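Quick notes on the structure that follows.
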Amino acid sequence: MSSNVSTNTSSDPSPRIRRARLPRVPFWAQILLGLVLGVVLGWIARSTGAAWLGTTLDRIGGIFVQLLKLAVGPLVFLAITVSITNLRNVSNAARLATRTLLWFMATSLIAVAIGLGIGLLTDPGSGTGLSPKDGGRPESTGSWLDFLTGIIPENVVTPFTDLNVLQIVFLAAVAGVAALKLGEKAAPLLSFAEAALALLQKALWWVIRLAPLGTLGLIGRAINEYGWNLIGQYATFTADVYIGCLLVMFGVYPLLLATVARVSPLRFFRGAWPAIQLAFVSRSSVGTMPVTQKVTERLGVPREYASFAVPFGATTKMDGCAAIYPALAAIFVAEIFGVSLGVGDYLLIAFVSVVGSAATAGLTGATVMTTLTLSTLGLPLEGVGLLLAIDPILDMMRTATNVAGQAVVPVLVASREKILDLDAFHSARSFDLDGTEDADGTGAGSADRPRSGADPATVPA
């Protein structure tokens, strides 16, 4: 009898309480939700005059940008230094670096040509109702003298306190080359730099997760401060910048991928999309750099080369901010101030865009590059003041274009050098930025990586 009772008891499982789980919202959906809420809250703040709401949106957006900027100095220094030393593990490192730089320049030249063409066809400064008195000189300006003499810092502290990224890149390059020359003697220092870089990327990944909140604050602040009338006033110029960036991102880059790298553009964008969407929100190439490097490696670019090309591109490769935008801005300002530009001026714009793009430094905004272009052409710097109000809205698309180019060029070079892992490229998938980080703090965990032999249906997209 007792055995029967025991059997009945074991066959009757005790009821289990199942906890209902809320569905996880994908990161892109969080970004979209932040964008919509930002527009709504910004409109409410502006239409009702709710100062507290406007201040809250301003603080949220400002804190997000400040957190990104907090990591810029050490991130650039460590990334550039470590990436240069990693080149010792790559065969034909000098040729890789040279070809990377040449492709940076070539794509910038194509981008500035597109910007000039669109500007000449649409006359973005006409019909705006703006006049020279509406402008104002910016607080920070750029000139060739400042650009050339400002590369070398006066000391090793000021570049980090003043966030002069160009000087930080110079210091990092010197440190990286010196470490290569020292060899084994520099090994302890390089180990420390690699550990510090991993730690910094881990912390920056936490900041990246705040991007939906940052989107809400930044968009809400822009709508509250400027309203829809501003967008209407700059409608042609805004459309020109977006169209130019879209042509480069979805026209030039796919063409180069298909003809030069001989890979699928659709698969590239599928793998690179997390970095592009984050760049659109954060407006910072440097802040997006850990994600850009992750997607580049997932697209089959060897880590040793990607760790050089991506940080190098994040500080110098700016097709949106340093090519398309300055070209359109120069035409816009010239039309407002009644200055006629000739063929020589257009060639100067192209020259500045290709050579001076490092002045943008991967930070939000393109004021320094714009002032450098205007001063080279002899146009009034007060024209920059006409563009500052609309800049946040334009900067989102410009930065997305920058980051897309920073991922495209390593794929092009790696493919031409026969070091691109085609299996990895074809299996690269988008991943959720809200996933679990790797042990090294540089991205989503192993759950987002396709495994060889795995059923594609079971691999997270």
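Ligands are numbered from 1 in the order shown, chains are lettered A, B, ... in the order of the structure tokens, and residues start at 1 in each chain.
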task: Fewer than 3 positions away in the same chain doesn't count, so skip those; otherwise give me all residues within 12 Å of Ala329 (chain A), counting only C-alpha atoms, as a ChimeraX atom specification.
output: /A:112,115-116,118-120,123-125,234,236-238,240-241,320-326,332-336,349,366-367,369-374,377,379-381,383-388,390-391,394
message: Need the shell around Trp103 (chain A): protein/DNA/RNA residues with any atom at most 10 Å away, counting only C-alpha atoms. Skip same-chain ones fewer than 6 positions apart. Format as a list in words?
response: Leu109, Lys317, Gly405, Val408, Val409, Pro410, Leu412 and Val413 of chain A
Write the residues of the selection above to a file with N, CA and C atoms, as a PDB file, in the first residue's frame.
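Generated output (out12.pdb):
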ATOM      1  N   LEU A 109      36.822  62.468 -51.197  1.00  0.00           N
ATOM      2  CA  LEU A 109      36.763  63.249 -52.438  1.00  0.00           C
ATOM      3  C   LEU A 109      35.448  63.003 -53.168  1.00  0.00           C
ATOM      4  N   LYS A 317      38.190  60.017 -40.455  1.00  0.00           N
ATOM      5  CA  LYS A 317      37.345  59.631 -41.592  1.00  0.00           C
ATOM      6  C   LYS A 317      35.945  60.196 -41.393  1.00  0.00           C
ATOM      7  N   GLY A 405      31.175  54.869 -43.243  1.00  0.00           N
ATOM      8  CA  GLY A 405      32.428  54.905 -43.993  1.00  0.00           C
ATOM      9  C   GLY A 405      33.587  54.314 -43.225  1.00  0.00           C
ATOM     10  N   VAL A 408      33.224  50.686 -43.795  1.00  0.00           N
ATOM     11  CA  VAL A 408      33.350  50.268 -45.193  1.00  0.00           C
ATOM     12  C   VAL A 408      34.812  50.130 -45.603  1.00  0.00           C
ATOM     13  N   VAL A 409      35.626  51.136 -45.271  1.00  0.00           N
ATOM     14  CA  VAL A 409      37.009  51.143 -45.747  1.00  0.00           C
ATOM     15  C   VAL A 409      37.807  49.936 -45.268  1.00  0.00           C
ATOM     16  N   PRO A 410      37.750  49.542 -43.982  1.00  0.00           N
ATOM     17  CA  PRO A 410      38.468  48.324 -43.591  1.00  0.00           C
ATOM     18  C   PRO A 410      38.023  47.082 -44.351  1.00  0.00           C
ATOM     19  N   LEU A 412      36.889  47.093 -47.460  1.00  0.00           N
ATOM     20  CA  LEU A 412      37.477  47.238 -48.797  1.00  0.00           C
ATOM     21  C   LEU A 412      38.942  46.822 -48.801  1.00  0.00           C
ATOM     22  N   VAL A 413      39.706  47.356 -47.859  1.00  0.00           N
ATOM     23  CA  VAL A 413      41.144  47.073 -47.814  1.00  0.00           C
ATOM     24  C   VAL A 413      41.396  45.603 -47.502  1.00  0.00           C
TER      25      VAL A 413
END
- request: Please provide the set of residues having any atom within 7 Å of region 211-217 of chain A, restricted to only C-alpha atoms, with same-chain residues fewer than 6 positions apart removed, written as a ChimeraX atom specification.
  value: /A:30-31,34-35,37-38,57-58,60-61,64,281-282
message: If we count only C-alpha atoms and set the cut-off at 10 Å, which residues sit around Asn164 (chain A), ignoring sequence neighbours fewer than 2 positions away in its own chain? Please answer as an MDAnalysis selection string.
response: chainID A and resid 72:73 150:151 153 158:162 166:169 359 361
- prompt: What does the distance from CA of Ala275 (chain A) to CA of Val403 (chain A) come to in Å, to one decimal?
  reply: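 It comes out at 7.0 Å.
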query: Suppose you want the space between CA of Val174 (chain A) and CA of Val156 (chain A); what is it in Å?
result: 11.8 Å
- request: Could you check how far CA of Leu33 (chain A) sits from CA of Leu210 (chain A), in Å to one decimal?
  value: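 If I compute the distance from CA of Leu33 (chain A) to CA of Leu210 (chain A), I get 12.8 Å.
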task: Mind checking which residues fall within 10 Å of Gln277 (chain A), counting only C-alpha atoms, ignoring those fewer than 3 positions away in the same chain, and posting them as an MDAnalysis selection string?
output: chainID A and resid 27:28 31 272:274 280:282 288 396:397 399:400 403:404
Could you take the residues named above and write them with N, CA, C and O atoms, as a JSON list (two decimals), in the first residue's frame?
[["chain", "number", "residue", "atom", "x", "y", "z"],
["A", 27, "PHE", "N", 16.80, 47.05, -28.91],
["A", 27, "PHE", "CA", 17.44, 48.35, -28.71],
["A", 27, "PHE", "C", 16.99, 49.37, -29.75],
["A", 27, "PHE", "O", 16.77, 50.54, -29.44],
["A", 28, "TRP", "N", 16.81, 48.93, -31.00],
["A", 28, "TRP", "CA", 16.39, 49.86, -32.04],
["A", 28, "TRP", "C", 14.99, 50.40, -31.74],
["A", 28, "TRP", "O", 14.69, 51.57, -32.01],
["A", 31, "ILE", "N", 15.33, 53.05, -29.13],
["A", 31, "ILE", "CA", 15.79, 54.29, -29.76],
["A", 31, "ILE", "C", 14.61, 55.01, -30.43],
["A", 31, "ILE", "O", 14.44, 56.23, -30.28],
["A", 272, "ALA", "N", 26.58, 45.91, -40.06],
["A", 272, "ALA", "CA", 27.06, 47.20, -39.56],
["A", 272, "ALA", "C", 25.96, 48.06, -38.96],
["A", 272, "ALA", "O", 26.26, 49.12, -38.38],
["A", 273, "TRP", "N", 24.72, 47.65, -39.07],
["A", 273, "TRP", "CA", 23.60, 48.52, -38.67],
["A", 273, "TRP", "C", 23.65, 48.96, -37.20],
["A", 273, "TRP", "O", 23.31, 50.10, -36.90],
["A", 274, "PRO", "N", 24.05, 48.11, -36.25],
["A", 274, "PRO", "CA", 24.09, 48.58, -34.86],
["A", 274, "PRO", "C", 24.95, 49.82, -34.68],
["A", 274, "PRO", "O", 24.60, 50.73, -33.93],
["A", 280, "PHE", "N", 23.81, 57.65, -35.29],
["A", 280, "PHE", "CA", 22.73, 58.59, -35.57],
["A", 280, "PHE", "C", 22.22, 59.23, -34.28],
["A", 280, "PHE", "O", 21.91, 60.43, -34.26],
["A", 281, "VAL", "N", 22.18, 58.45, -33.22],
["A", 281, "VAL", "CA", 21.65, 58.95, -31.95],
["A", 281, "VAL", "C", 22.70, 59.73, -31.18],
["A", 281, "VAL", "O", 22.46, 60.84, -30.69],
["A", 282, "SER", "N", 23.90, 59.16, -31.05],
["A", 282, "SER", "CA", 24.91, 59.75, -30.18],
["A", 282, "SER", "C", 25.60, 60.96, -30.80],
["A", 282, "SER", "O", 26.12, 61.80, -30.08],
["A", 288, "THR", "N", 30.95, 56.06, -30.61],
["A", 288, "THR", "CA", 30.44, 54.85, -31.27],
["A", 288, "THR", "C", 31.56, 53.87, -31.57],
["A", 288, "THR", "O", 31.30, 52.73, -31.97],
["A", 396, "MET", "N", 23.08, 64.29, -36.77],
["A", 396, "MET", "CA", 22.72, 62.88, -36.63],
["A", 396, "MET", "C", 23.01, 62.12, -37.92],
["A", 396, "MET", "O", 23.63, 61.05, -37.90],
["A", 397, "MET", "N", 22.57, 62.68, -39.03],
["A", 397, "MET", "CA", 22.76, 62.00, -40.31],
["A", 397, "MET", "C", 24.23, 62.04, -40.74],
["A", 397, "MET", "O", 24.74, 61.07, -41.30],
["A", 399, "THR", "N", 26.88, 62.02, -38.79],
["A", 399, "THR", "CA", 27.66, 61.05, -38.01],
["A", 399, "THR", "C", 27.37, 59.63, -38.44],
["A", 399, "THR", "O", 28.28, 58.79, -38.47],
["A", 400, "ALA", "N", 26.13, 59.32, -38.77],
["A", 400, "ALA", "CA", 25.80, 57.99, -39.27],
["A", 400, "ALA", "C", 26.58, 57.69, -40.55],
["A", 400, "ALA", "O", 27.09, 56.57, -40.74],
["A", 403, "VAL", "N", 30.34, 57.00, -39.66],
["A", 403, "VAL", "CA", 30.58, 55.68, -39.08],
["A", 403, "VAL", "C", 30.42, 54.59, -40.14],
["A", 403, "VAL", "O", 31.18, 53.61, -40.14],
["A", 404, "ALA", "N", 29.46, 54.75, -41.03],
["A", 404, "ALA", "CA", 29.32, 53.76, -42.11],
["A", 404, "ALA", "C", 30.60, 53.70, -42.94],
["A", 404, "ALA", "O", 31.08, 52.61, -43.28]]
Excluding Pro302 (chain A) and its own-chain neighbours fewer than 3 positions away, which residues fall within 12 Å of it when counting only C-alpha atoms? Please give them as a compact mmCIF listing (two decimals) with N, CA, C and O atoms, in the first residue's frame.
# COMPACT_ATOMS: atom_id res chain seq x y z
N ASN A 86 49.53 46.86 -32.34
CA ASN A 86 48.95 45.61 -32.86
C ASN A 86 49.33 45.36 -34.31
O ASN A 86 49.24 44.22 -34.79
N LEU A 87 49.73 46.41 -35.00
CA LEU A 87 50.10 46.24 -36.41
C LEU A 87 51.34 45.36 -36.57
O LEU A 87 51.60 44.85 -37.65
N ASN A 89 51.62 42.56 -35.50
CA ASN A 89 51.14 41.20 -35.71
C ASN A 89 50.52 41.00 -37.09
O ASN A 89 50.00 39.93 -37.39
N VAL A 90 50.54 42.05 -37.90
CA VAL A 90 49.93 41.99 -39.23
C VAL A 90 51.02 42.07 -40.28
O VAL A 90 51.88 42.95 -40.23
N SER A 91 50.99 41.14 -41.23
CA SER A 91 51.95 41.21 -42.33
C SER A 91 51.58 42.36 -43.25
O SER A 91 50.41 42.70 -43.42
N LEU A 96 49.01 48.15 -45.53
CA LEU A 96 47.64 48.24 -45.04
C LEU A 96 47.32 49.66 -44.59
O LEU A 96 46.26 50.21 -44.90
N GLN A 293 34.06 49.04 -34.11
CA GLN A 293 35.10 48.02 -34.19
C GLN A 293 34.50 46.62 -34.08
O GLN A 293 34.93 45.70 -34.78
N LYS A 294 33.51 46.47 -33.23
CA LYS A 294 32.87 45.15 -33.07
C LYS A 294 32.22 44.70 -34.38
O LYS A 294 32.42 43.56 -34.81
N VAL A 295 31.44 45.58 -35.01
CA VAL A 295 30.76 45.17 -36.24
C VAL A 295 31.77 44.94 -37.36
O VAL A 295 31.57 44.06 -38.21
N THR A 296 32.86 45.70 -37.37
CA THR A 296 33.88 45.51 -38.40
C THR A 296 34.54 44.15 -38.26
O THR A 296 34.78 43.45 -39.26
N GLU A 297 34.84 43.76 -37.03
CA GLU A 297 35.41 42.44 -36.81
C GLU A 297 34.42 41.33 -37.17
O GLU A 297 34.80 40.30 -37.73
N ARG A 298 33.15 41.54 -36.84
CA ARG A 298 32.12 40.55 -37.17
C ARG A 298 31.93 40.41 -38.68
O ARG A 298 31.46 39.38 -39.16
N LEU A 299 32.30 41.45 -39.42
CA LEU A 299 32.21 41.41 -40.88
C LEU A 299 33.43 40.74 -41.51
O LEU A 299 33.56 40.75 -42.74
N TYR A 305 44.00 44.29 -37.60
CA TYR A 305 43.87 45.40 -38.55
C TYR A 305 42.70 46.30 -38.19
O TYR A 305 42.80 47.53 -38.25
N ALA A 306 41.57 45.71 -37.77
CA ALA A 306 40.39 46.52 -37.41
C ALA A 306 40.69 47.42 -36.22
O ALA A 306 40.21 48.57 -36.16
N SER A 307 41.52 46.94 -35.28
CA SER A 307 41.84 47.75 -34.11
C SER A 307 42.70 48.95 -34.47
O SER A 307 42.84 49.88 -33.67
N PHE A 308 43.29 48.94 -35.66
CA PHE A 308 44.00 50.12 -36.16
C PHE A 308 43.10 50.99 -37.02
O PHE A 308 43.02 52.20 -36.83
N ALA A 309 42.42 50.37 -37.98
CA ALA A 309 41.66 51.13 -38.97
C ALA A 309 40.48 51.88 -38.35
O ALA A 309 40.20 53.03 -38.73
N VAL A 310 39.77 51.26 -37.42
CA VAL A 310 38.57 51.89 -36.86
C VAL A 310 38.90 53.09 -35.98
O VAL A 310 38.33 54.17 -36.17
N PRO A 410 37.75 49.54 -43.98
CA PRO A 410 38.47 48.32 -43.59
C PRO A 410 38.02 47.08 -44.35
O PRO A 410 38.85 46.21 -44.66
N VAL A 411 36.74 46.99 -44.67
CA VAL A 411 36.25 45.86 -45.46
C VAL A 411 36.85 45.90 -46.86
O VAL A 411 37.29 44.87 -47.40
N VAL A 413 39.71 47.36 -47.86
CA VAL A 413 41.14 47.07 -47.81
C VAL A 413 41.40 45.60 -47.50
O VAL A 413 42.23 44.96 -48.15
N ALA A 414 40.67 45.06 -46.53
CA ALA A 414 40.87 43.66 -46.16
C ALA A 414 40.54 42.74 -47.32
O ALA A 414 41.23 41.74 -47.56
N SER A 415 39.50 43.07 -48.08
CA SER A 415 39.13 42.25 -49.22
C SER A 415 40.20 42.30 -50.31
O SER A 415 40.58 41.26 -50.87
N GLU A 417 43.29 42.91 -49.91
CA GLU A 417 44.52 42.28 -49.42
C GLU A 417 44.36 40.79 -49.15
O GLU A 417 45.27 40.15 -48.62
N LYS A 418 43.17 40.26 -49.46
CA LYS A 418 42.88 38.83 -49.29
C LYS A 418 42.95 38.38 -47.83
O LYS A 418 43.29 37.23 -47.53
N ILE A 419 42.63 39.28 -46.90
CA ILE A 419 42.63 38.89 -45.49
C ILE A 419 41.22 38.96 -44.89
O ILE A 419 41.05 38.77 -43.69
N LEU A 420 40.22 39.23 -45.73
CA LEU A 420 38.84 39.28 -45.25
C LEU A 420 38.29 37.87 -45.09
O LEU A 420 38.36 37.07 -46.02
N ASP A 421 37.75 37.58 -43.92
CA ASP A 421 37.13 36.28 -43.67
C ASP A 421 35.73 36.29 -44.28
O ASP A 421 34.79 36.81 -43.70
N LEU A 422 35.62 35.70 -45.47
CA LEU A 422 34.35 35.75 -46.19
C LEU A 422 33.26 34.95 -45.49
O LEU A 422 32.08 35.33 -45.55
N ALA A 424 32.88 34.69 -42.25
CA ALA A 424 32.39 35.58 -41.20
C ALA A 424 31.54 36.70 -41.79
O ALA A 424 30.51 37.07 -41.22
N PHE A 425 31.95 37.23 -42.93
CA PHE A 425 31.20 38.32 -43.56
C PHE A 425 29.80 37.85 -43.93
O PHE A 425 28.82 38.54 -43.65
